[in-house]
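Q: This is the structure I have questions about; it appears just below.
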Amino acid sequence: MKALISYENYLWISLIWMGIGIITFFYLFIKTAPYGRHTREGWGPMIDNKLGWFIMEFTVLLVLYSYFTQIGFQLSWPSWIMVALFTLHYLNRSFIFPLRIRTQGKKMPLVIALMAIGFNIMNGSLLGMHFTWFSSYTIAWLYDPRFILGFIIFFTGMAINWIADTRLINLRKPGETDYKIPHGWLFEYISCPNLLGEIIEWLGFAILTWSIPGLVFFVWTFANLVPRAIAHHKWYKEKFADYPQQRKAVFPFLW
């Protein structure tokens with residue numbers, strides 16, 4: 001299928017987008033995104049928290065799959081597996097996760113959802129162009145050490161993320177909205193194993209795809225989630241006088 005842009009231009013767009021992610025990494029140490037426990041007034045209209053999660057996360061699947069509707073489109077088996085892994089993550093984030101969280105009545109700024117939609121449009125487009133125009137995975141890729149290693153890392157990160165989310169959700173009884181100190185498992189070492197799991201997950205995806213958009217997506221994930229984990233860690237320590245002092249934010253024994 002003929003690409004609508006040259007591969008050189010595609011690389012430049014990807015590198016510029018990754019550069020913006022690196023800048024965002026440093027900016028988020030100064031300004032914490034105002035959603036979740038960090039929600040605050042002054043960011044314009046608010047929308048339901050669960051609705052916000054759905055619309056901003058499902059967008060990336062709509063964008064990615066829109067590329068697969070092109071006439072003459074064909075996708076190899078390795079590519080379909082990669083797309084399936086990506087889809088699995090975002091079906092959880094857009095449908096299952098919002099239904100599981102116990103955040104009755106909580107809101108998020110509309111502007112945050114809109115910014116996330118823009119973020120997902122860009123990432124979905126880069127991945128869509130990669131799979132439909134520029135990638136050439138053959139069946140042999142399924143036996144490549146990079147695919148096998150990345151596949152293992154991806155599901156390791158996903159398992160950590162899902163287990164941590166479940167433990168955090170279960171801290172609240174039905175009807176409760178207050179935050180509590182999580183204990184046990186990886187929570188004994190870090191405040192945010194859910195975010196660590198997602199970072200590991202997308203590192204695995206970058207390795208198993210061995211691609212520019214995979215790397216860009218990992219850089220953006222790291223840039224978003226590390227500052228957020230540090231903000232969560234600081235918030236815990238300020239809110240709870242008995243918060244375990246030995247815990248780190250996101251990387252055990254390090255940070």
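Letters for chains follow the order of the structure tokens (A, B, ...), residue numbers begin at 1 for each chain, and ligand numbers begin at 1 in the order shown.
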Using 10 Å as the limit and counting only C-alpha atoms, can you tabulate each residue of region 76-114 of chain A that touches region 140-144 of chain A, with its shortest atom-to-atom distance in Å and the two atoms involved, as a tab-separated table?
A:
```
residue	atom	partner	partner_atom	distance
A:Trp77	CA	A:Leu142	CA	8.7
A:Pro78	CA	A:Leu142	CA	6.3
A:Ser79	CA	A:Trp141	CA	9.5
A:Ile81	CA	A:Leu142	CA	9.3
```
Q: If you count only C-alpha atoms, which residues fall within 10 Å of Ala116 (chain A), apart from same-chain ones fewer than 3 positions away, as a VMD selection string?
A: chain A and resid 52 to 53 55 to 57 59 to 60 110 to 113 119 to 122
Q: If you keep C-alpha atoms, can you produce a file of those selected residues as an mmCIF file, in the first residue's frame?
A:
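result.cif, freshly written:
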```cif
data_model
loop_
_atom_site.group_PDB
_atom_site.id
_atom_site.type_symbol
_atom_site.label_atom_id
_atom_site.label_comp_id
_atom_site.auth_asym_id
_atom_site.auth_seq_id
_atom_site.Cartn_x
_atom_site.Cartn_y
_atom_site.Cartn_z
ATOM 1 C CA GLY A 52 -13.314 10.955 30.820
ATOM 2 C CA TRP A 53 -11.300 7.738 31.051
ATOM 3 C CA ILE A 55 -13.317 8.920 25.750
ATOM 4 C CA MET A 56 -9.628 9.675 26.117
ATOM 5 C CA GLU A 57 -8.429 6.051 26.083
ATOM 6 C CA THR A 59 -9.671 7.329 20.978
ATOM 7 C CA VAL A 60 -6.354 5.633 20.253
ATOM 8 C CA LEU A 110 -12.495 18.438 30.370
ATOM 9 C CA VAL A 111 -9.251 19.990 29.159
ATOM 10 C CA ILE A 112 -7.293 16.993 30.513
ATOM 11 C CA ALA A 113 -9.489 14.590 28.554
ATOM 12 C CA PHE A 119 -1.990 12.582 22.648
ATOM 13 C CA ASN A 120 -3.757 9.394 21.598
ATOM 14 C CA ILE A 121 -4.561 10.697 18.116
ATOM 15 C CA MET A 122 -0.863 11.306 17.550
#
```
Q: Counting only C-alpha atoms, give me one row per residue of region 90-200 of chain A with an atom at most 10 Å from an atom of region 218-236 of chain A, showing the shortest contact pair and its distance in Å to one decimal, sorted by chain then residue number, as a Markdown table.
A:
```
| residue | atom | partner | partner_atom | distance |
| --- | --- | --- | --- | --- |
| A:Phe119 | CA | A:Trp220 | CA | 9.4 |
| A:Asn123 | CA | A:Trp220 | CA | 9.4 |
| A:Tyr179 | CA | A:Tyr236 | CA | 9.2 |
| A:Lys180 | CA | A:Tyr236 | CA | 9.0 |
| A:Ile181 | CA | A:Tyr236 | CA | 7.7 |
| A:Ile190 | CA | A:His233 | CA | 8.4 |
| A:Ser191 | CA | A:His233 | CA | 5.8 |
| A:Cys192 | CA | A:Ala229 | CA | 5.9 |
| A:Pro193 | CA | A:Ala229 | CA | 9.0 |
| A:Asn194 | CA | A:Ala229 | CA | 9.3 |
| A:Leu195 | CA | A:Leu225 | CA | 6.2 |
| A:Leu196 | CA | A:Leu225 | CA | 8.1 |
| A:Glu198 | CA | A:Thr221 | CA | 7.8 |
| A:Ile199 | CA | A:Phe222 | CA | 6.0 |
| A:Ile200 | CA | A:Phe218 | CA | 8.8 |
```
Q: Using C-alpha atoms, can you write the selected residues to a file as a compact mmCIF listing (two decimals), in the first residue's frame?
A:
```txt
# COMPACT_ATOMS: atom_id res chain seq x y z
CA PHE A 119 -1.99 12.58 22.65
CA ASN A 123 0.30 7.97 18.94
CA TYR A 179 -7.71 7.13 49.90
CA LYS A 180 -5.89 4.57 52.03
CA ILE A 181 -2.32 3.36 52.36
CA ILE A 190 7.20 1.51 45.90
CA SER A 191 4.14 3.72 46.00
CA CYS A 192 3.07 3.10 42.40
CA PRO A 193 3.56 -0.45 41.12
CA ASN A 194 0.60 0.14 38.78
CA LEU A 195 2.59 2.82 36.99
CA LEU A 196 5.79 0.76 37.06
CA GLU A 198 2.70 0.16 32.61
CA ILE A 199 6.23 1.45 32.01
CA ILE A 200 7.52 -2.14 31.82
```
Q: Give me the residues near region 18-26 of chain A as a list in words, where near means some atom within 6 Å (using only C-alpha atoms) and where sequence neighbours in that chain fewer than 2 positions away do not count.
A: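 In the requested format, the answer is Leu15, Ile16, Leu28, Phe29, Val216, Trp220 and Ala223 of chain A.
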Q: Extract, using only C-alpha atoms, all DNA, RNA and protein residues at most 7 Å from Leu64 (chain A), discarding same-chain residues fewer than 5 positions from it, and format them as a list in words.
A: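 Surrounding residues, per the criterion: Gly124, Ser125, Leu127 and Gly128 of chain A.
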Q: I need the residues from that last selection saved to file as a PDB file, in the first residue's frame (with C-alpha atoms), if you can.
A:
```pdb
ATOM      1  CA  GLY A 124      -2.470   6.038  17.194  1.00  0.00           C
ATOM      2  CA  SER A 125      -1.532   7.704  13.905  1.00  0.00           C
ATOM      3  CA  LEU A 127       1.379   3.250  14.972  1.00  0.00           C
ATOM      4  CA  GLY A 128      -1.238   3.087  12.219  1.00  0.00           C
TER       5      GLY A 128
END
```
Q: Looking at only C-alpha atoms, which of A:Met46, A:Leu51, A:Ala249, A:Leu208 is the one that sits closest to Phe97 (chain A)?
A: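 Closest residue, counting only C-alpha atoms: A:Leu51.
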Q: Work out how far CA of Pro109 (chain A) is from CA of Pro45 (chain A), in Å to one decimal.
A: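 Answer for the CA of Pro45 (chain A) to CA of Pro109 (chain A) separation: 5.9 Å.
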Q: Run DSSP on the backbone and give me the residues of region 4-230 of chain A it puts in strand (DSSP E), as a list in words.
A: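 Everything in region 4-230 of chain A that counts as strand (DSSP E) is Met46, Ile47, Asp48, Lys107, Met108 and Pro109 of chain A.
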Q: Considering only C-alpha atoms, state which residue in the set A:Gln104, A:Thr132, A:Ser94, A:Thr209 is at the smallest distance from Pro145 (chain A).
A: A:Thr209
Q: Just the residues within 12 Å of Ser6 (chain A), please, counting only C-alpha atoms, with nothing from its chain fewer than 4 positions along; format it as a list in words.
A: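 Counting only the stated atoms, we get Lys2, Tyr10, Leu11, Trp12, Ile13, Met129, His130, Trp133 and Phe134 of chain A.
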Q: Could you state the separation of CA of Tyr137 (chain A) and CA of Ile5 (chain A) in Å, given to one decimal place?
A: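 The value is 20.0 Å.
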Q: Please return as a PyMOL selection string: the residues of region 169-240 of chain A that backbone DSSP assigns to helix (DSSP H, G or I).
A: chain A and resi 169+185-188+193-209+212-239
Q: Of the candidates A:Asp242, A:Thr39, A:Ile148, A:Ser211, which one gets nearest to Leu126 (chain A) if we count only C-alpha atoms?
A: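 The closest residue to Leu126 (chain A) is A:Ser211.
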Q: Excluding His89 (chain A) and its own-chain neighbours fewer than 4 positions away, which residues fall within 8 Å of it when counting only C-alpha atoms? Please give them as a ChimeraX atom specification.
A: /A:85,93,158
Q: Next, the residues of the selection above should be written as a compact mmCIF listing (two decimals), in the first residue's frame with N, CA and C atoms.
A:
```txt
# COMPACT_ATOMS: atom_id res chain seq x y z
N LEU A 85 -2.10 -7.05 21.09
CA LEU A 85 -1.56 -6.71 22.40
C LEU A 85 -1.91 -5.27 22.76
N ARG A 93 -8.22 -0.31 29.55
CA ARG A 93 -8.17 1.06 30.05
C ARG A 93 -9.43 1.85 29.72
N MET A 158 2.11 -5.94 32.14
CA MET A 158 0.64 -5.93 32.19
C MET A 158 0.15 -6.60 33.47
```
Q: Do you have the CA of Ile47 (chain A)-CA of Thr177 (chain A) distance handy?
A: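 Rounded to one decimal, the two atoms are 17.2 Å apart.
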Q: Smallest atom-to-atom distance to Gly72 (chain A): which of A:Ile207, A:Ala3, A:Ile117, A:Ile96, using only C-alpha atoms?
A: A:Ala3
